[in-house]
$ cat input-v8.txt   # compact mmCIF, C-alpha atoms and all ligand atoms
# COMPACT_ATOMS: atom_id res chain seq x y z
CA MET A 1 79.82 135.71 -109.87
CA GLU A 2 80.38 136.25 -113.55
CA GLY A 3 79.40 132.64 -114.26
CA PHE A 4 76.22 133.01 -112.28
CA ARG A 5 75.36 136.27 -113.99
CA SER A 6 76.01 134.93 -117.47
CA VAL A 7 73.80 131.88 -116.97
CA LEU A 8 70.98 133.91 -115.51
CA GLY A 9 71.43 137.11 -117.43
CA GLY A 10 72.63 135.82 -120.79
CA GLY A 11 70.39 132.76 -121.02
CA LEU A 12 67.25 134.43 -119.83
CA ARG A 13 67.92 137.69 -121.64
CA ARG A 14 67.98 135.79 -124.91
CA PHE A 15 64.67 133.96 -124.33
CA ALA A 16 62.61 135.84 -121.78
CA ALA A 17 61.88 138.99 -123.77
CA PRO A 18 60.66 137.22 -126.95
CA ALA A 19 58.72 134.71 -124.84
CA ALA A 20 57.01 137.50 -122.93
CA ALA A 21 56.18 139.31 -126.17
CA LEU A 22 54.74 136.11 -127.66
CA ALA A 23 52.63 135.44 -124.58
CA LEU A 24 51.26 138.98 -124.71
CA LEU A 25 50.49 138.80 -128.45
CA ALA A 26 48.82 135.39 -128.16
CA GLY A 27 46.86 136.61 -125.19
CA ALA A 28 45.69 139.76 -126.92
CA ALA A 29 44.61 137.84 -130.04
CA TRP A 30 42.74 135.25 -127.98
CA ALA A 31 41.11 137.77 -125.74
CA GLN A 32 39.98 139.97 -128.64
CA ASP A 33 38.14 136.96 -129.97
CA GLY A 34 36.23 136.75 -126.71
CA GLY A 35 37.69 133.27 -126.35
CA ALA A 36 35.84 132.04 -129.43
CA ALA A 37 39.08 130.73 -130.91
CA ILE A 38 38.95 127.86 -128.42
CA PRO A 39 36.02 125.54 -129.07
CA VAL A 40 33.97 125.06 -125.91
CA PRO A 41 32.72 121.50 -125.44
CA GLU A 42 28.98 121.10 -125.77
CA PRO A 43 26.82 119.78 -122.95
CA PRO A 44 25.85 117.33 -121.61
CA HIS A 45 29.26 115.67 -121.56
CA ALA A 46 32.11 118.13 -121.50
CA GLY A 47 34.80 115.50 -121.18
CA GLY A 48 38.29 116.16 -119.94
CA LEU A 49 37.30 117.24 -116.46
CA SER A 50 35.55 114.11 -115.30
CA ALA A 51 38.39 113.14 -113.02
CA LEU A 52 38.91 116.69 -111.75
CA GLY A 53 35.39 117.74 -110.86
CA PRO A 54 31.87 116.50 -110.18
CA GLU A 55 29.57 115.81 -113.12
CA ASN A 56 28.65 118.99 -114.92
CA ILE A 57 24.88 119.31 -115.50
CA GLY A 58 24.86 123.07 -116.09
CA PRO A 59 24.20 125.46 -118.97
CA GLN A 60 26.84 126.71 -121.39
CA TYR A 61 28.47 128.96 -118.79
CA SER A 62 29.28 126.04 -116.51
CA HIS A 63 31.15 124.37 -119.38
CA ASP A 64 32.98 127.65 -119.99
CA VAL A 65 34.01 127.55 -116.31
CA ASP A 66 35.46 124.06 -116.80
CA HIS A 67 37.29 125.28 -119.87
CA LEU A 68 38.77 128.22 -117.94
CA TYR A 69 39.75 125.80 -115.20
CA ARG A 70 41.69 123.70 -117.71
CA VAL A 71 43.42 126.75 -119.23
CA ILE A 72 44.49 127.95 -115.76
CA LEU A 73 45.57 124.44 -114.79
CA TRP A 74 47.83 124.27 -117.87
CA LEU A 75 49.28 127.72 -117.15
CA THR A 76 50.03 126.93 -113.52
CA THR A 77 51.39 123.47 -114.40
CA GLY A 78 53.72 125.15 -116.91
CA ALA A 79 54.87 127.68 -114.32
CA PHE A 80 55.40 124.90 -111.77
CA VAL A 81 57.48 122.75 -114.13
CA LEU A 82 59.51 125.76 -115.32
CA THR A 83 60.32 127.12 -111.86
CA GLN A 84 60.98 123.75 -110.21
CA GLY A 85 63.03 122.66 -113.23
CA LEU A 86 65.16 125.81 -112.98
CA LEU A 87 65.54 125.25 -109.25
CA LEU A 88 66.83 121.71 -109.82
CA PHE A 89 69.08 122.89 -112.64
CA PHE A 90 70.65 125.61 -110.47
CA LEU A 91 71.04 123.22 -107.55
CA PHE A 92 73.07 120.97 -109.80
CA ARG A 93 74.92 123.63 -111.80
CA PHE A 94 76.05 125.62 -108.75
CA ARG A 95 76.57 122.76 -106.31
CA ALA A 96 79.40 122.97 -103.79
CA ARG A 97 82.73 122.01 -105.26
CA PRO A 98 86.18 121.96 -103.68
CA GLY A 99 87.78 125.37 -104.08
CA GLY A 100 84.55 127.00 -105.23
CA VAL A 101 83.71 130.48 -103.94
CA ALA A 102 80.14 131.54 -103.21
CA ALA A 103 78.90 134.52 -105.18
CA TRP A 104 77.29 137.39 -103.27
CA THR A 105 74.51 139.01 -105.24
CA HIS A 106 71.86 141.61 -104.49
CA GLY A 107 69.69 140.44 -107.37
CA ASN A 108 69.15 141.53 -110.92
CA HIS A 109 66.84 144.39 -111.88
CA ARG A 110 66.18 143.14 -115.38
CA LEU A 111 65.17 139.70 -114.07
CA GLU A 112 62.94 141.23 -111.43
CA ILE A 113 61.18 143.28 -114.09
CA ILE A 114 60.75 140.27 -116.39
CA TRP A 115 59.33 137.91 -113.80
CA THR A 116 56.97 140.59 -112.57
CA LEU A 117 55.78 141.67 -116.01
CA VAL A 118 55.27 138.18 -117.48
CA PRO A 119 52.93 136.88 -114.74
CA GLY A 120 51.27 140.33 -114.71
CA ALA A 121 50.64 140.07 -118.46
CA ILE A 122 49.26 136.54 -118.07
CA LEU A 123 46.89 137.65 -115.29
CA PHE A 124 45.78 140.62 -117.37
CA TRP A 125 45.13 138.33 -120.32
CA LEU A 126 43.13 135.94 -118.08
CA ALA A 127 41.04 138.87 -116.85
CA LEU A 128 40.11 139.71 -120.46
CA PHE A 129 39.75 136.06 -121.52
CA GLN A 130 37.23 135.16 -118.80
CA PHE A 131 35.12 138.26 -119.09
CA SER A 132 32.37 136.89 -121.33
CA THR A 133 31.92 133.92 -118.97
CA TRP A 134 31.76 136.25 -115.99
CA LYS A 135 29.17 138.32 -117.84
CA ASP A 136 27.03 135.20 -118.56
CA ILE A 137 27.06 134.12 -114.92
CA LYS A 138 27.10 137.29 -112.88
CA ILE A 139 25.60 139.96 -115.10
CA ALA A 140 23.12 138.10 -117.35
CA ARG A 141 19.60 137.83 -115.88
CA PRO A 142 16.88 135.53 -117.16
CA ASP A 143 13.48 137.12 -117.60
CA PRO A 144 11.30 135.86 -114.69
CA LYS A 145 8.71 134.98 -117.37
CA GLU A 146 11.18 132.39 -118.68
CA GLY A 147 11.69 130.44 -115.50
CA LEU A 148 11.37 129.77 -111.81
CA VAL A 149 12.29 132.25 -109.06
CA VAL A 150 13.32 130.90 -105.64
CA GLN A 151 14.17 132.93 -102.55
CA VAL A 152 17.09 131.47 -100.61
CA MET A 153 17.83 132.37 -97.00
CA ALA A 154 21.11 131.08 -95.59
CA LYS A 155 21.44 130.72 -91.84
CA GLN A 156 23.87 128.99 -89.51
CA PHE A 157 23.66 126.11 -90.60
CA GLU A 158 20.66 125.65 -92.87
CA TRP A 159 19.27 126.61 -96.26
CA HIS A 160 15.70 127.90 -96.38
CA PHE A 161 13.85 128.15 -99.69
CA ARG A 162 10.62 129.91 -100.60
CA TYR A 163 8.56 129.56 -103.79
CA ALA A 164 5.90 132.07 -104.81
CA GLY A 165 3.16 129.44 -105.28
CA PRO A 166 0.46 129.49 -107.94
CA ASP A 167 -0.19 133.24 -107.67
CA GLY A 168 3.40 134.05 -108.64
CA LYS A 169 3.73 136.47 -105.70
CA PHE A 170 5.96 136.07 -102.65
CA ASP A 171 4.82 136.55 -99.06
CA THR A 172 1.26 135.41 -99.75
CA ASP A 173 -0.87 132.55 -98.44
CA ASP A 174 0.11 130.06 -101.13
CA ASP A 175 3.89 130.32 -100.72
CA LEU A 176 5.75 127.05 -100.47
CA LEU A 177 8.67 126.76 -98.05
CA THR A 178 11.30 124.05 -97.82
CA LEU A 179 14.31 123.36 -95.67
CA ASN A 180 17.63 122.22 -97.22
CA TYR A 181 15.93 120.81 -100.33
CA LEU A 182 15.80 122.96 -103.45
CA HIS A 183 13.45 121.47 -106.03
CA VAL A 184 13.66 122.71 -109.62
CA PRO A 185 12.39 121.62 -113.03
CA VAL A 186 14.93 120.40 -115.60
CA ASP A 187 15.89 122.53 -118.65
CA THR A 188 14.35 125.61 -117.05
CA LYS A 189 16.12 128.79 -116.01
CA VAL A 190 16.08 129.26 -112.26
CA THR A 191 16.72 132.62 -110.61
CA VAL A 192 17.85 132.33 -106.99
CA GLN A 193 17.56 135.39 -104.76
CA LEU A 194 20.22 134.95 -102.11
CA ARG A 195 20.14 136.44 -98.63
CA THR A 196 21.63 135.53 -95.26
CA GLN A 197 20.13 135.96 -91.83
CA ASP A 198 23.43 136.07 -89.98
CA VAL A 199 26.99 135.73 -91.29
CA LEU A 200 28.58 135.35 -94.72
CA HIS A 201 27.72 132.05 -96.37
CA SER A 202 28.32 130.91 -99.93
CA PHE A 203 25.68 129.19 -102.05
CA PHE A 204 27.57 126.53 -104.03
CA LEU A 205 26.09 124.16 -106.61
CA PRO A 206 29.14 122.06 -107.59
CA ASN A 207 27.33 120.27 -110.43
CA LEU A 208 26.35 123.61 -111.97
CA ARG A 209 29.62 125.43 -111.34
CA LEU A 210 27.73 128.20 -109.56
CA LYS A 211 29.10 129.77 -106.41
CA GLN A 212 27.94 133.02 -104.85
CA ASP A 213 28.43 134.48 -101.39
CA THR A 214 25.39 135.50 -99.41
CA VAL A 215 26.07 138.85 -97.78
CA PRO A 216 24.24 140.29 -94.76
CA GLY A 217 21.91 143.10 -95.85
CA LEU A 218 22.03 142.27 -99.57
CA THR A 219 19.77 140.34 -101.94
CA ILE A 220 21.93 138.87 -104.68
CA ASN A 221 20.33 137.33 -107.77
CA GLN A 222 22.03 134.47 -109.61
CA TRP A 223 20.77 131.96 -112.15
CA PHE A 224 21.33 128.40 -113.33
CA GLU A 225 19.70 125.78 -115.48
CA ALA A 226 20.00 122.06 -114.70
CA ARG A 227 20.12 119.83 -117.75
CA LYS A 228 19.78 116.46 -116.07
CA THR A 229 17.15 115.17 -113.66
CA THR A 230 18.02 113.62 -110.34
CA GLU A 231 16.19 110.46 -111.43
CA GLN A 232 18.40 110.18 -114.53
CA ALA A 233 21.54 110.69 -112.42
CA ARG A 234 20.37 108.03 -109.96
CA LYS A 235 19.78 105.56 -112.78
CA GLU A 236 23.21 106.24 -114.32
CA ARG A 237 24.94 105.72 -110.99
CA GLY A 238 22.75 102.85 -109.89
CA ILE A 239 22.37 104.63 -106.55
CA GLU A 240 18.75 105.09 -105.51
CA SER A 241 19.63 107.65 -102.82
CA PHE A 242 21.92 109.83 -104.94
CA ASN A 243 21.35 113.59 -104.76
CA PHE A 244 23.06 116.65 -106.22
CA GLU A 245 24.54 118.63 -103.37
CA ILE A 246 24.27 122.21 -102.22
CA ALA A 247 27.29 123.16 -100.16
CA CYS A 248 28.16 126.20 -98.11
CA ALA A 249 31.51 127.34 -99.51
CA GLU A 250 32.27 129.91 -96.84
CA LEU A 251 33.69 128.97 -93.45
CA CYS A 252 30.68 130.24 -91.50
CA GLY A 253 31.07 128.80 -88.03
CA LEU A 254 31.48 125.58 -86.11
CA GLY A 255 28.68 123.80 -87.98
CA HIS A 256 29.94 124.87 -91.41
CA THR A 257 30.57 121.32 -92.63
CA ARG A 258 27.01 120.35 -91.69
CA MET A 259 25.56 123.16 -93.80
CA LYS A 260 24.54 120.90 -96.61
CA GLY A 261 21.48 120.96 -98.84
CA TYR A 262 20.24 119.04 -101.84
CA LEU A 263 19.25 120.08 -105.32
CA VAL A 264 16.44 117.90 -106.64
CA VAL A 265 15.96 118.22 -110.39
CA HIS A 266 12.56 117.04 -111.60
CA SER A 267 10.97 116.75 -115.00
CA LYS A 268 8.61 119.68 -115.46
CA GLU A 269 5.55 117.55 -114.63
CA GLY A 270 7.44 115.99 -111.74
CA PHE A 271 8.16 119.42 -110.34
CA PHE A 272 4.49 120.34 -110.12
CA ALA A 273 3.64 116.89 -108.81
CA TRP A 274 6.16 117.50 -106.03
CA ALA A 275 4.69 120.93 -105.37
CA ASP A 276 1.34 119.22 -105.04
CA LYS A 277 2.71 117.32 -102.06
CA ALA A 278 3.54 114.17 -103.98
CA TYR A 279 7.02 114.25 -102.48
CA LEU A 280 6.90 114.62 -98.75
CA GLU A 281 10.29 113.24 -97.89
CA GLU A 282 11.62 116.48 -96.37
CA PRO A 283 10.03 119.03 -94.07
CA HIS A 284 8.24 121.82 -95.89
CA GLU A 285 5.28 124.01 -95.31
CA TYR A 286 2.88 126.32 -97.06
CA GLY A 287 1.57 129.78 -96.59
CA LYS A 288 2.38 132.81 -94.53
CA ASN A 289 3.10 131.12 -91.20
CA PRO A 290 4.76 134.02 -89.35
CA ASP A 291 6.88 131.64 -87.32
CA ASN A 292 8.70 130.39 -90.34
CA LEU A 293 12.17 131.82 -90.37
CA LEU A 294 12.06 132.96 -93.98
CA ASN A 295 8.72 134.70 -93.50
CA ARG A 296 10.09 136.39 -90.41
CA PHE A 297 13.41 137.61 -91.68
CA TRP A 298 12.97 138.28 -95.38
CA PRO A 299 12.24 142.02 -95.67
CA ALA A 300 8.92 142.74 -97.42
CA THR A 301 10.71 145.34 -99.57
CA GLU A 302 12.72 142.48 -101.13
CA ASN A 303 9.64 140.82 -102.66
CA LYS A 304 9.52 142.96 -105.76
CA LEU A 305 10.56 140.18 -108.12
CA GLU A 306 7.52 138.05 -108.93
CA ASP A 307 7.38 134.65 -110.59
CA PRO A 308 5.05 134.81 -113.61
CA TRP A 309 6.51 131.55 -114.92
CA LEU A 310 5.23 129.63 -111.90
CA ARG A 311 1.84 131.34 -112.13
CA ASP A 312 1.47 130.60 -115.85
CA ASN A 313 2.77 127.01 -115.77
CA TRP A 314 1.05 125.77 -112.64
CA PRO A 315 -1.39 123.12 -113.96
CA ALA A 316 -4.99 124.28 -113.79
CA ASP A 317 -6.24 121.11 -112.08
CA LEU A 318 -3.70 121.58 -109.29
CA LYS A 319 -4.47 125.28 -109.06
CA ALA A 320 -8.14 124.47 -108.47
CA LYS A 321 -7.39 122.80 -105.15
CA TRP A 322 -5.00 125.48 -103.92
CA PRO A 323 -4.26 126.67 -101.30
CA PRO A 324 -4.38 123.41 -99.33
CA LYS A 325 -6.34 123.54 -96.11
CU CU B 1 27.48 128.54 -94.22
$ encode --input "input-v8.txt" --output "structure tokens"
Amino acid sequence: MEGFRSVLGGGLRRFAAPAAALALLAGAAWAQDGGAAIPVPEPPHAGGLSALGPENIGPQYSHDVDHLYRVILWLTTGAFVLTQGLLLFFLFRFRARPGGVAAWTHGNHRLEIIWTLVPGAILFWLALFQFSTWKDIKIARPDPKEGLVVQVMAKQFEWHFRYAGPDGKFDTDDDLLTLNYLHVPVDTKVTVQLRTQDVLHSFFLPNLRLKQDTVPGLTINQWFEARKTTEQARKERGIESFNFEIACAELCGLGHTRMKGYLVVHSKEGFFAWADKAYLEEPHEYGKNPDNLLNRFWPATENKLEDPWLRDNWPADLKAKWPPK
């Protein structure tokens, strides 16, 4: 009993308190800096995470997410090694020996407090440390004048997309609708307005480190900016059929694993060429067809956000022949 206490109590008492204080101080200093003390790798090649995640083609915030991932991975690896190391040490140190007597203990208050406060302090530090990244992803909003706006309707087990068309207004005769294929221009901010027709889904762009639940009754705006075209990615991989994926990251029913879409990143000219029907590889339609699911279920009151970027950038020669008959 005494031996057990002195190993646990004495050893840990000597190191745990200063270690906890250090962790807190380091955390506070780091967090105060808004994380600026740690250089964030510049796109397009973040490095370090290539083996742990899909290629990152996102804006600065998606590289910040990778950085956070690495910090958390180091923290949890440290905790794993420490706890499993201690477990092995105690297994050996207090192994059964002839004549040995088992100690009966109800625990140790000081230890309980330490191993509650230290992880608590680390979690609190993480909450502060990640805040600016959270703000960039979840709170920051691009001006619709700066980039594309796409309405996204999730449904068991499909993704429906709607573009405002050359007039920049949704729910009009020149809207463009696609199923499971989201086409965007490269190096352009894209605002997605997320809704669901039925249950909870989660709109996940792994290559952009963007993940957001779609919630019945709510329209949730998120944004991203792809910095590599699909064509470039195909060339690099030597795979002509390669596509960036859109996954549903919420277990949404029996067909959940089939709920897969594709993100097609075009050059800016390529994007408008596609919109002009140059790319007809997937089903899509135009206009106000009342049978289309998105037209039917997207509430008219949720069309307040217009897309002046699309209106202003749509090439005049293409505009002249719009809407298609
Ligand atoms: Cu789903």
$ residues_near_ligand --input "input-v8.txt" --ligand "ligand CU 1 (chain B)" --cutoff "6 Å" --atoms "all atoms listed in the file" --output "PyMOL selection string"
chain A and resi 156-157+201+248+250+252+256+259
$ closest_residue --input "input-v8.txt" --among "A:Ala102, A:Leu194, A:Leu176, A:Val264" --to "Ile220 in chain A" --atoms "all atoms listed in the file"
A:Leu194
$ closest_atom_pairs --input "input-v8.txt" --of "range 174-283 of chain A" --to "range 139-149 of chain A" --cutoff "7 Å" --atoms "all atoms listed in the file" --output "CSV"
residue,atom,partner,partner_atom,distance
A:Thr188,CA,A:Gly147,CA,5.7
A:Lys189,CA,A:Gly147,CA,4.8
A:Val190,CA,A:Leu148,CA,4.8
A:Thr191,CA,A:Val149,CA,4.7
A:Val192,CA,A:Val149,CA,5.9
$ write_last_selection --input "input-v8.txt" --atoms "C-alpha atoms" --output "mmCIF file, in the coordinates of the input"
data_model
loop_
_atom_site.group_PDB
_atom_site.id
_atom_site.type_symbol
_atom_site.label_atom_id
_atom_site.label_comp_id
_atom_site.auth_asym_id
_atom_site.auth_seq_id
_atom_site.Cartn_x
_atom_site.Cartn_y
_atom_site.Cartn_z
ATOM 1 C CA THR A 188 14.350 125.610 -117.050
ATOM 2 C CA LYS A 189 16.120 128.790 -116.010
ATOM 3 C CA VAL A 190 16.080 129.260 -112.260
ATOM 4 C CA THR A 191 16.720 132.620 -110.610
ATOM 5 C CA VAL A 192 17.850 132.330 -106.990
#
$ closest_residue --input "input-v8.txt" --among "A:Phe271, A:Lys211, A:Ala300, A:Asp167" --to "Asp312 in chain A" --atoms "all atoms listed in the file"
A:Asp167
$ atom_distance --input "input-v8.txt" --atom1 "CA of Asp175 in chain A" --atom2 "CA of Glu225 in chain A"
22.1 Å
$ atom_distance --input "input-v8.txt" --atom1 "CA of Lys288 in chain A" --atom2 "CA of Phe170 in chain A"
9.5 Å
$ atom_distance --input "input-v8.txt" --atom1 "CA of Tyr163 in chain A" --atom2 "CA of Ala275 in chain A"
9.6 Å
$ residues_around --input "input-v8.txt" --residues "Ala320 in chain A" --least-positions-apart "5" --cutoff "12 Å" --atoms "all atoms listed in the file" --output "list in words"
Pro166, Asp167, Asp276, Trp314 and Pro315 of chain A
$ closest_residue --input "input-v8.txt" --among "A:His160, A:Lys268, A:Lys321, A:Arg70" --to "Gln193 in chain A" --atoms "only C-alpha atoms"
A:His160
$ closest_residue --input "input-v8.txt" --among "A:Phe297, A:Phe129, A:Phe94, A:Phe204" --to "His67 in chain A" --atoms "all atoms listed in the file"
A:Phe129
$ closest_residue --input "input-v8.txt" --among "A:Leu91, A:Leu177, A:Val71, A:Leu82" --to "Pro290 in chain A" --atoms "all atoms listed in the file"
A:Leu177
$ closest_residue --input "input-v8.txt" --among "A:Asn180, A:Asn207, A:Asn108, A:Gln151" --to "Asp66 in chain A" --atoms "only C-alpha atoms"
A:Asn207
$ decode --input "input-v8.txt" --residues "range 151-178 of chain A" --atoms "N, CA and C atoms" --output "compact mmCIF listing (two decimals), in the first residue's frame"
# COMPACT_ATOMS: atom_id res chain seq x y z
N GLN A 151 -27.39 26.73 -54.69
CA GLN A 151 -28.32 26.16 -53.72
C GLN A 151 -28.17 24.64 -53.75
N VAL A 152 -28.07 24.06 -52.58
CA VAL A 152 -27.85 22.61 -52.47
C VAL A 152 -29.00 22.00 -51.68
N MET A 153 -29.69 21.03 -52.29
CA MET A 153 -30.76 20.33 -51.58
C MET A 153 -30.35 18.87 -51.42
N ALA A 154 -30.19 18.44 -50.17
CA ALA A 154 -29.87 17.05 -49.91
C ALA A 154 -31.17 16.27 -49.77
N LYS A 155 -31.12 15.01 -50.17
CA LYS A 155 -32.31 14.18 -50.13
C LYS A 155 -31.82 12.74 -50.09
N GLN A 156 -32.56 11.86 -49.43
CA GLN A 156 -32.18 10.45 -49.46
C GLN A 156 -32.25 9.94 -50.90
N PHE A 157 -31.25 9.61 -51.65
CA PHE A 157 -29.84 9.69 -51.32
C PHE A 157 -29.15 10.38 -52.48
N GLU A 158 -29.48 11.66 -52.65
CA GLU A 158 -29.01 12.43 -53.80
C GLU A 158 -28.67 13.85 -53.37
N TRP A 159 -27.85 14.49 -54.23
CA TRP A 159 -27.55 15.92 -54.06
C TRP A 159 -28.12 16.68 -55.24
N HIS A 160 -28.95 17.65 -54.98
CA HIS A 160 -29.52 18.49 -56.05
C HIS A 160 -28.94 19.89 -55.94
N PHE A 161 -28.51 20.42 -57.10
CA PHE A 161 -27.89 21.75 -57.11
C PHE A 161 -28.67 22.69 -58.03
N ARG A 162 -28.74 23.96 -57.65
CA ARG A 162 -29.40 24.94 -58.50
C ARG A 162 -28.54 26.20 -58.60
N TYR A 163 -28.34 26.66 -59.84
CA TYR A 163 -27.60 27.90 -60.11
C TYR A 163 -28.60 28.96 -60.56
N ALA A 164 -28.28 30.22 -60.29
CA ALA A 164 -29.24 31.29 -60.57
C ALA A 164 -29.37 31.58 -62.06
N GLY A 165 -28.38 31.19 -62.87
CA GLY A 165 -28.44 31.50 -64.31
C GLY A 165 -28.01 32.93 -64.56
N PRO A 166 -28.07 33.35 -65.85
CA PRO A 166 -27.50 34.65 -66.22
C PRO A 166 -28.19 35.86 -65.58
N ASP A 167 -29.41 35.71 -65.06
CA ASP A 167 -30.04 36.88 -64.43
C ASP A 167 -29.64 37.04 -62.97
N GLY A 168 -28.91 36.08 -62.43
CA GLY A 168 -28.44 36.19 -61.05
C GLY A 168 -29.52 35.97 -60.00
N LYS A 169 -30.73 35.61 -60.45
CA LYS A 169 -31.85 35.40 -59.50
C LYS A 169 -32.29 33.95 -59.51
N PHE A 170 -32.59 33.44 -58.31
CA PHE A 170 -33.05 32.05 -58.22
C PHE A 170 -34.56 31.97 -58.44
N ASP A 171 -34.99 30.76 -58.85
CA ASP A 171 -36.40 30.48 -59.07
C ASP A 171 -36.95 31.30 -60.24
N THR A 172 -36.13 31.42 -61.29
CA THR A 172 -36.58 32.08 -62.51
C THR A 172 -36.33 31.13 -63.69
N ASP A 173 -36.76 31.57 -64.88
CA ASP A 173 -36.75 30.67 -66.04
C ASP A 173 -35.37 30.24 -66.52
N ASP A 174 -34.34 30.97 -66.11
CA ASP A 174 -33.01 30.60 -66.61
C ASP A 174 -32.17 29.87 -65.56
N ASP A 175 -32.81 29.36 -64.52
CA ASP A 175 -32.05 28.59 -63.52
C ASP A 175 -31.47 27.34 -64.17
N LEU A 176 -30.36 26.89 -63.60
CA LEU A 176 -29.72 25.68 -64.09
C LEU A 176 -29.69 24.68 -62.94
N LEU A 177 -30.17 23.46 -63.22
CA LEU A 177 -30.25 22.46 -62.15
C LEU A 177 -29.43 21.22 -62.51
N THR A 178 -28.71 20.71 -61.54
CA THR A 178 -27.94 19.49 -61.78
C THR A 178 -28.16 18.49 -60.66
